[in-house]
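Peer 1: Here it is: the structure, laid out below.
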Amino acid sequence: MIIIGEKINGSIPSVGKAITERDEAKLRKLAVQQDDAGCDYLDVCASVPEDVEEETLKWMLELVQEESDLPICLDSPSPDTIVKTMQYVKKPGLINSVSMEGDKIAKVFPAIANTRWKCVALCSDEKGIPATAEERIEVFKRILAEADKYGIAHSRLFIDPLVEMLCTSEDGIATVVETIKGIRAIDEDVHIVGAISNISFNLPARPLINQTFVTLAIAAGMDAGILDPMNRGMRGAIYAAEACMGLDDYCMEYIGAFREGRIGPLPKA
């Protein structure tokens, strides 16, 4: 699974406080910790008003890139901010995100068309989050058509099936699992990504829900996740799921992660 480290995000209260106070040490430490944990991208999200977002992201990106060579997942709800701040990223990474809402794709896709940048695309549109898997898959098809228009290879897309809170869902995770399977059946080249912890908002013992969900999502076809790479229980669930799915030849990745102490904690006998 492609791991996108979620910890440098201003929506997290402690990180938001660090951004407000310009606490460089806090952000540098999070970059180093996530890099050491073995993630593939570092998500950088300011979660500040748009009129100060570009300047804030520039400051954050400078700090993070001084501490880590990992590619950046540039995270903003504003397509204008994304396009403006791409210049502060040292090498092509991952845009987070676009959707079929408004002019997001019309602004971002041209900016990345002739580059090596990749992009997260949400299965939502001007109507919001579709209620059914069929509707989300139709949005996905429209996203593919837009990618084709700009010559963006499908392998550069990270499609988000929209992971919602389990406690407010009428059908558990059936809709998101059906969406993942439907996307994968249509296109083997796209990546499928989800914000794993969204599933457990407002529930007790959240790690249990998150780890169970990631296992089901991998089985359905998800191959990327926005999560805490330092959570050894979550990483263990991912390695174990991939081994059980036949995605880890002779379980070598699982065995290596166990030996190196990257998974756990293990229950006592």
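Scheme for the structure tokens: letters A, B, ... for chains in order shown; per-chain residue numbers from 1; ligand numbers from 1 in order shown.
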Within 7 Å of region 60-75 of chain A, counting only C-alpha atoms, which residues show up once you throw out same-chain ones fewer than 5 positions away? Write them as a list in words, please.

Peer 2: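 Close residues of region 60-75 of chain A: Leu27, Arg28, Ala31, Val32, Asp35, Asp40, Tyr41, Leu42, Asp43, Val44, Cys45, Tyr88, Val89, Lys91, Pro92, Gly93, Leu94, Ile95, Asn96 and Ser97 of chain A.
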
Peer 1: With a distance cut-off of 9 Å and only C-alpha atoms, select the neighbouring residues of His191 (chain A), excluding the residue or stretch itself and same-chain residues fewer than 2 positions from it, and output the selection as a list in words.

Peer 2: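 My reading of the contact set: Val120, His154, Ser155, Arg156, Leu157, Phe158, Ile159, Asp160, Arg184, Glu188, Asp189, Val193, Gly221, Met222, Asp223 and Ala224 of chain A.
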
Peer 1: Report as a PyMOL selection string: the residues of region 70-101 of chain A with a DSSP assignment of strand (DSSP E), based on the backbone of this structure.

Peer 2: chain A and resi 72-75+94-100

Peer 1: What gap, in Å, lies between CA of Ser124 (chain A) and CA of Glu242 (chain A)?

Peer 2: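 These atoms are spaced 28.3 Å apart.
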
Peer 1: Considering only C-alpha atoms, state which residue in the set A:Gly5, A:Gly256, A:Pro49, A:Pro110 is at the smallest distance from Gly236 (chain A).

Peer 2: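 Among the listed residues, A:Gly256 lies closest to Gly236 (chain A).
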
Peer 1: Here is a test: counting only C-alpha atoms, which residue of A:Gly151, A:Pro79, A:Gly233, A:Gly194 is nearest to Ala113 (chain A)?

Peer 2: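 For Ala113 (chain A), the nearest of the candidates is A:Gly151.
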
Peer 1: Select, from A:Val176, A:Leu166, A:Val108, A:Leu144, the residue with the minimum atom-to-atom distance to Phe201 (chain A), counting only C-alpha atoms.

Peer 2: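 Going through A:Val176, A:Leu166, A:Val108, A:Leu144 one by one, the smallest distance to Phe201 (chain A) is for A:Leu166.
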
Peer 1: Tell me, in Å to one decimal, how far CA of Ile238 (chain A) is from CA of Glu170 (chain A).

Peer 2: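 If I compute the distance from CA of Ile238 (chain A) to CA of Glu170 (chain A), I get 26.1 Å.
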
Peer 1: Hey, which of A:Thr168, A:Gln33, A:Ser200, A:Thr212 ends up closest to Met230 (chain A)? Count only C-alpha atoms.

Peer 2: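 Going through A:Thr168, A:Gln33, A:Ser200, A:Thr212 one by one, the smallest distance to Met230 (chain A) is for A:Gln33.
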
Peer 1: Using the chain letters and numbers from this document, which residues of region 1-73 of chain A does DSSP assign to alpha helix (DSSP H), as a count of residues only?

Peer 2: 40

Peer 1: So the first atom is CA of Gln211 (chain A) and the second is CA of Met1 (chain A); what is the distance between them in Å, to one decimal place?

Peer 2: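 Taking CA of Gln211 (chain A) as the start and CA of Met1 (chain A) as the end point, the length is 13.6 Å.
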
Peer 1: Identify, on the basis of only C-alpha atoms, every residue whose closest approach to Lys58 (chain A) does not exceed 10 Å; exclude the query and any residue fewer than 6 positions from it along the same chain; express the result as a ChimeraX atom specification.

Peer 2: /A:46,84-89

Peer 1: Can you tell me which residues surround Thr20 (chain A) at a distance of at most 12 Å, considering only C-alpha atoms, apart from same-chain residues fewer than 5 positions away, and format the answer as number ranges by chain?

Peer 2: A: 10-11, 13-15, 26-27, 46-49, 52-53, 56, 59-60
